[in-house]
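Written out below as structure tokens is the structure these notes cover.
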Amino acid sequence: ELGSDIGGSIRGPSSACGVTGHKPSYGIIPAIGQIPGPPGTLTQADLAVAGPMARNVDDLEMGLALMAGADDWHAPAWRLSLPPPRHRKVEEFRVAVWIREDFVPIDREVERLLLGAADALKRAGARVDYEARPDFSFEYAVGVYDQLLGAALSGGFSRKEIEAFAAKAEAADASHALGARYASQRHRDWLSANERRLQMRRKWHEFFQDWDAVLMPCLPTTAIPHDPSQPISARTIQVNGETRPYNDQLRWMGPAGVTYLPATVVPVGVADDGLPVGVQIAGPFLEDRTTLALARHLEAIHGGFQRPPGY
């Protein structure tokens, strides 16, 4: 199947459903027919990409090969040649593990399975480091992501709504509905956020001189019960018995999403509640085949997609 990912809509469902998914590097798959943007829109929204979701990494590879390439504007001259994976053998990979942040805690069961995946790679011979980080904080990356995501989603609001957001901008906070907080920002503010994004892209580039990929959570929990009885801004989730903001489900999508990185999701086990958990494997910009290659190794270790009883 095809998915669209601006706030994790490939990565989150893939993790929650125990399937594989690939959020490609920004811009390598044409955006025609993709949302956000009504049918007929020609603009590719900032942050938004289309990509494959499947039961195994082989199908992700096939989906990426079929979809990636030039759009109508660039077809006369532009060609895409994604580099091969950095490594073929698991013992050649250098893997950072980034799964703990007080800013957005994850469920202990999710953490157990993610650490298990990292440890399995280490036992297979990969070089695994639990402290390596790019030279910016998680909270900083999420802040920039929120600002650019709000701008990218602003087309979903009417002009009247945006003017209302602008009138109370000083009172705006994270409790606002997704996208509303930054829907009315000035273009000058967006330019500043975009520059901060580019600085983080440079930091990631430097980081990936020493590391091939980074493992991160997709979601802080397994799949949650759907509760449409409250507006999104009023909803919450439970993490280790603590009430957390509903939008915590987007936070771990930020570091890779805001900087246009590829990220492959592969299942790594089933939590005590019987629901699956996937790991997000982010890698260098345009090196999609590297994250897919590492996902293939984890798929072999953990057995990949397991059909739930009754489905």
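Following the order of the structure tokens, chains are lettered A, B, ..., residues in each are numbered from 1, and ligands are numbered from 1.
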
Shell around segment 23-28 of chain A at 7 Å using only C-alpha atoms, local window under 2 positions removed, as a compact mmCIF listing (two decimals) with N, CA and C atoms, in the first residue's frame:
```txt
# COMPACT_ATOMS: atom_id res chain seq x y z
N ASP A 5 3.40 10.71 4.59
CA ASP A 5 3.99 10.97 5.90
C ASP A 5 4.45 12.42 5.98
N ILE A 10 3.18 7.28 7.86
CA ILE A 10 3.70 5.97 7.43
C ILE A 10 4.30 5.27 8.64
N GLY A 21 7.43 -0.11 6.84
CA GLY A 21 7.10 1.12 6.12
C GLY A 21 8.36 1.90 5.84
N PRO A 30 7.65 11.79 -6.65
CA PRO A 30 6.78 12.89 -7.08
C PRO A 30 5.54 12.99 -6.19
N LEU A 47 7.84 18.97 4.19
CA LEU A 47 7.89 17.82 5.10
C LEU A 47 7.17 16.59 4.55
N VAL A 49 5.92 13.49 2.39
CA VAL A 49 6.42 12.55 1.39
C VAL A 49 5.41 11.43 1.22
N GLY A 51 5.25 7.19 0.35
CA GLY A 51 6.14 6.04 0.40
C GLY A 51 5.37 4.75 0.60
N ALA A 68 10.09 6.19 -7.05
CA ALA A 68 11.10 7.25 -7.00
C ALA A 68 11.50 7.68 -8.41
N GLY A 69 11.76 8.95 -8.56
CA GLY A 69 12.21 9.48 -9.84
C GLY A 69 11.72 10.89 -10.07
N TYR A 260 14.25 16.00 6.57
CA TYR A 260 14.10 15.34 5.27
C TYR A 260 14.78 13.97 5.18
N LEU A 261 15.12 13.34 6.30
CA LEU A 261 15.86 12.09 6.27
C LEU A 261 14.96 10.91 5.91
N PRO A 262 15.52 9.87 5.31
CA PRO A 262 14.77 8.64 5.13
C PRO A 262 14.65 7.90 6.46
N ALA A 263 13.57 7.17 6.63
CA ALA A 263 13.37 6.38 7.85
C ALA A 263 12.56 5.14 7.51
N THR A 264 13.11 3.99 7.85
CA THR A 264 12.45 2.72 7.60
C THR A 264 11.96 2.14 8.93
N PHE A 285 20.49 11.59 4.41
CA PHE A 285 19.65 12.08 3.31
C PHE A 285 20.08 11.43 1.99
N LEU A 286 19.10 10.89 1.28
CA LEU A 286 19.24 10.23 -0.01
C LEU A 286 19.88 8.84 0.08
N ASP A 288 18.55 6.12 1.27
CA ASP A 288 17.41 5.29 1.64
C ASP A 288 17.78 3.80 1.65
```

Contacts of Arg201 of chain A at 12 Å or less, counting only C-alpha atoms, minus same-chain residues fewer than 6 places along, as a list in words?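 My list of contacting residues is Pro134, Asp135, Phe136, Ala141, Asn194, Glu195, Phe207, Phe208, Pro255, Ala256, Gly257, Val258, Thr259, Tyr260, Leu261, Gly283, Pro284 and Phe285 of chain A.
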
Would you write out those residues with C-alpha atoms, as a PDB file, in the first residue's frame?
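New file result-v5.pdb:
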```
ATOM      1  CA  PRO A 134      23.762  14.722  16.573  1.00  0.00           C
ATOM      2  CA  ASP A 135      24.833  18.126  17.870  1.00  0.00           C
ATOM      3  CA  PHE A 136      21.368  19.413  18.772  1.00  0.00           C
ATOM      4  CA  ALA A 141      14.458  19.534  16.883  1.00  0.00           C
ATOM      5  CA  ASN A 194      13.816  26.943   7.903  1.00  0.00           C
ATOM      6  CA  GLU A 195      17.356  28.176   8.557  1.00  0.00           C
ATOM      7  CA  PHE A 207      26.864  12.856  12.469  1.00  0.00           C
ATOM      8  CA  PHE A 208      26.520  10.391   9.619  1.00  0.00           C
ATOM      9  CA  PRO A 255      14.143  14.655  14.265  1.00  0.00           C
ATOM     10  CA  ALA A 256      14.067  12.716  10.984  1.00  0.00           C
ATOM     11  CA  GLY A 257      10.975  14.351   9.501  1.00  0.00           C
ATOM     12  CA  VAL A 258      12.019  17.976   9.932  1.00  0.00           C
ATOM     13  CA  THR A 259      15.387  17.346   8.261  1.00  0.00           C
ATOM     14  CA  TYR A 260      14.102  15.336   5.270  1.00  0.00           C
ATOM     15  CA  LEU A 261      15.858  12.088   6.273  1.00  0.00           C
ATOM     16  CA  GLY A 283      19.733   7.447   7.977  1.00  0.00           C
ATOM     17  CA  PRO A 284      21.572   9.971   5.820  1.00  0.00           C
ATOM     18  CA  PHE A 285      19.653  12.076   3.313  1.00  0.00           C
TER      19      PHE A 285
END
```

Do you know which residues are at most 6 Å from segment 110-126 of chain A counting only C-alpha atoms, after dropping those on the same chain fewer than 5 positions away, and could you put them as a ChimeraX atom specification? /A:90-93

Save out the residues we just selected, N, CA and C atoms, as a short mmCIF file (atom, residue, chain, number, x, y, z; two decimals), in the first residue's frame.
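Contents of again-v9.cif, freshly written:
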```cif
data_model
loop_
_atom_site.label_atom_id
_atom_site.label_comp_id
_atom_site.auth_asym_id
_atom_site.auth_seq_id
_atom_site.Cartn_x
_atom_site.Cartn_y
_atom_site.Cartn_z
N VAL A 90 25.84 -7.18 8.33
CA VAL A 90 25.37 -6.52 9.54
C VAL A 90 26.54 -6.08 10.41
N GLU A 91 27.62 -6.83 10.44
CA GLU A 91 28.74 -6.48 11.30
C GLU A 91 29.50 -5.24 10.83
N GLU A 92 29.19 -4.74 9.65
CA GLU A 92 29.85 -3.54 9.14
C GLU A 92 29.11 -2.26 9.53
N PHE A 93 27.87 -2.39 10.02
CA PHE A 93 27.06 -1.21 10.32
C PHE A 93 27.48 -0.57 11.64
#
```

Identify all residues of segment 15-204 of chain A in alpha helix (DSSP H) (DSSP on the backbone) and supply them as a ChimeraX atom specification. /A:15-17,57-67,108-123,138-152,159-167,187-204

Distance query Asn56 of chain A at most 7 Å, only C-alpha atoms, self and fewer than 4 positions along chain excluded, as number ranges by chain: A: 20, 60, 304-305

Kindly provide the residues of segment 9-65 of chain A that approach segment 70-74 of chain A to within 12 Å, each paired with its closest atom pair and their distance in Å to one decimal, based on only C-alpha atoms, listed by chain and increasing number, as a Markdown table.
```
| residue | atom | partner | partner_atom | distance |
| --- | --- | --- | --- | --- |
| A:Gly27 | CA | A:Ala70 | CA | 9.1 |
| A:Ile28 | CA | A:Ala70 | CA | 7.4 |
| A:Ile29 | CA | A:Ala70 | CA | 7.4 |
| A:Pro30 | CA | A:Asp71 | CA | 5.1 |
| A:Ala31 | CA | A:Asp71 | CA | 7.8 |
| A:Ile32 | CA | A:Asp71 | CA | 7.9 |
| A:Gly33 | CA | A:Asp71 | CA | 11.5 |
| A:Leu42 | CA | A:Trp73 | CA | 10.2 |
| A:Thr43 | CA | A:Trp73 | CA | 11.4 |
| A:Gln44 | CA | A:Asp71 | CA | 10.8 |
```

Convert the current residue selection to file output with all heavy atoms, as a tab-separated table (two decimals), in the first residue's frame.
```tsv
chain	number	residue	atom	x	y	z
A	27	GLY	N	11.50	14.61	-1.45
A	27	GLY	CA	11.67	15.06	-2.82
A	27	GLY	C	12.01	14.00	-3.84
A	27	GLY	O	12.04	14.30	-5.03
A	28	ILE	N	12.22	12.75	-3.42
A	28	ILE	CA	12.63	11.74	-4.41
A	28	ILE	C	11.44	11.00	-5.02
A	28	ILE	O	11.60	10.28	-6.00
A	28	ILE	CB	13.63	10.73	-3.82
A	28	ILE	CG1	12.98	9.83	-2.77
A	28	ILE	CG2	14.84	11.45	-3.26
A	28	ILE	CD1	13.89	8.69	-2.32
A	29	ILE	N	10.25	11.16	-4.45
A	29	ILE	CA	9.04	10.58	-5.02
A	29	ILE	C	8.10	11.72	-5.40
A	29	ILE	O	7.81	12.58	-4.57
A	29	ILE	CB	8.36	9.62	-4.03
A	29	ILE	CG1	9.21	8.36	-3.86
A	29	ILE	CG2	6.95	9.25	-4.50
A	29	ILE	CD1	8.64	7.35	-2.89
A	30	PRO	N	7.65	11.79	-6.65
A	30	PRO	CA	6.78	12.89	-7.08
A	30	PRO	C	5.54	12.99	-6.19
A	30	PRO	O	4.99	11.99	-5.73
A	30	PRO	CB	6.41	12.50	-8.51
A	30	PRO	CG	7.54	11.65	-8.97
A	30	PRO	CD	7.98	10.88	-7.75
A	31	ALA	N	5.10	14.25	-6.00
A	31	ALA	CA	4.01	14.52	-5.06
A	31	ALA	C	2.65	14.61	-5.72
A	31	ALA	O	1.66	14.86	-5.03
A	31	ALA	CB	4.29	15.82	-4.32
A	32	ILE	N	2.57	14.43	-7.04
A	32	ILE	CA	1.29	14.59	-7.72
A	32	ILE	C	0.27	13.61	-7.14
A	32	ILE	O	0.52	12.41	-7.06
A	32	ILE	CB	1.45	14.36	-9.23
A	32	ILE	CG1	2.49	15.31	-9.81
A	32	ILE	CG2	0.10	14.52	-9.93
A	32	ILE	CD1	2.18	16.76	-9.61
A	33	GLY	N	-0.87	14.14	-6.72
A	33	GLY	CA	-1.92	13.30	-6.16
A	33	GLY	C	-1.81	13.05	-4.68
A	33	GLY	O	-2.62	12.34	-4.10
A	42	LEU	N	-0.41	21.13	-7.34
A	42	LEU	CA	0.90	20.81	-7.90
A	42	LEU	C	2.04	21.02	-6.91
A	42	LEU	O	3.16	20.57	-7.14
A	42	LEU	CB	1.15	21.65	-9.16
A	42	LEU	CG	0.17	21.41	-10.31
A	42	LEU	CD1	0.52	22.31	-11.50
A	42	LEU	CD2	0.18	19.96	-10.74
A	43	THR	N	1.78	21.72	-5.82
A	43	THR	CA	2.82	21.99	-4.84
A	43	THR	C	3.09	20.76	-3.99
A	43	THR	O	2.16	20.09	-3.54
A	43	THR	CB	2.39	23.14	-3.91
A	43	THR	OG1	2.15	24.30	-4.70
A	43	THR	CG2	3.47	23.45	-2.89
A	44	GLN	N	4.37	20.46	-3.75
A	44	GLN	CA	4.71	19.44	-2.77
A	44	GLN	C	4.85	20.12	-1.42
A	44	GLN	O	5.71	20.97	-1.23
A	44	GLN	CB	6.01	18.72	-3.11
A	44	GLN	CG	6.37	17.66	-2.06
A	44	GLN	CD	7.34	16.62	-2.56
A	44	GLN	OE1	7.88	16.72	-3.64
A	44	GLN	NE2	7.56	15.58	-1.76
```

In Å to one decimal, how far is atom CA of Met53 of chain A from atom CA of Val277 of chain A?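 Result for atom CA of Val277 of chain A versus atom CA of Met53 of chain A: 15.1 Å, one decimal.
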
Just the residues within 12 Å of Gly143 of chain A, please, counting only C-alpha atoms, with nothing from its chain fewer than 4 positions along; format it as a VMD selection string. chain A and resid 103 136 to 139 147 to 150 173 to 174 181 to 182 193 to 194 196 to 197 250 to 255 258

Using DSSP assignments from the backbone, pull out every residue in segment 48-287 of chain A that falls under strand (DSSP E or B) and give it to me as a PyMOL selection string. chain A and resi 49-54+94-97+127-129+213-217+236-239+242-245+263-270+276-282

I'd like to know which of A:Val214, A:Leu66, A:Val265, A:Val57 is closest to Ala300 of chain A, using only C-alpha atoms.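 Result for the nearest residue to Ala300 of chain A: A:Val57.
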
Output as CSV one row per residue of segment 57-147 of chain A within 12 Å of segment 186-191 of chain A: the closest atom pair and its distance in Å to one decimal place, counting only C-alpha atoms, sorted by chain and residue number ascending.
```
residue,atom,partner,partner_atom,distance
A:Val144,CA,A:Trp190,CA,9.6
A:Tyr145,CA,A:Trp190,CA,11.1
A:Asp146,CA,A:Trp190,CA,11.2
A:Gln147,CA,A:Trp190,CA,7.6
```

Dump of N, CA and C atoms for the selected residues, as a compact mmCIF listing (two decimals), in the first residue's frame:
```txt
# COMPACT_ATOMS: atom_id res chain seq x y z
N VAL A 144 11.42 23.03 16.25
CA VAL A 144 11.49 23.48 14.85
C VAL A 144 10.49 22.69 14.01
N TYR A 145 10.41 21.41 14.27
CA TYR A 145 9.46 20.55 13.55
C TYR A 145 8.03 21.05 13.74
N ASP A 146 7.64 21.34 14.98
CA ASP A 146 6.29 21.84 15.24
C ASP A 146 6.00 23.10 14.43
N GLN A 147 6.98 24.00 14.40
CA GLN A 147 6.77 25.27 13.71
C GLN A 147 6.60 25.06 12.20
```

What is the atom CA of Asp227 of chain A-atom CA of Asp248 of chain A distance in Å, reported with one decimal?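 Distance reported for this atom pair: 15.6 Å.
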
Of the candidates A:Pro245, A:Glu61, A:Leu292, A:Ile6, which shows the shortest atom-to-atom distance to Gln34 of chain A, using only C-alpha atoms? A:Ile6
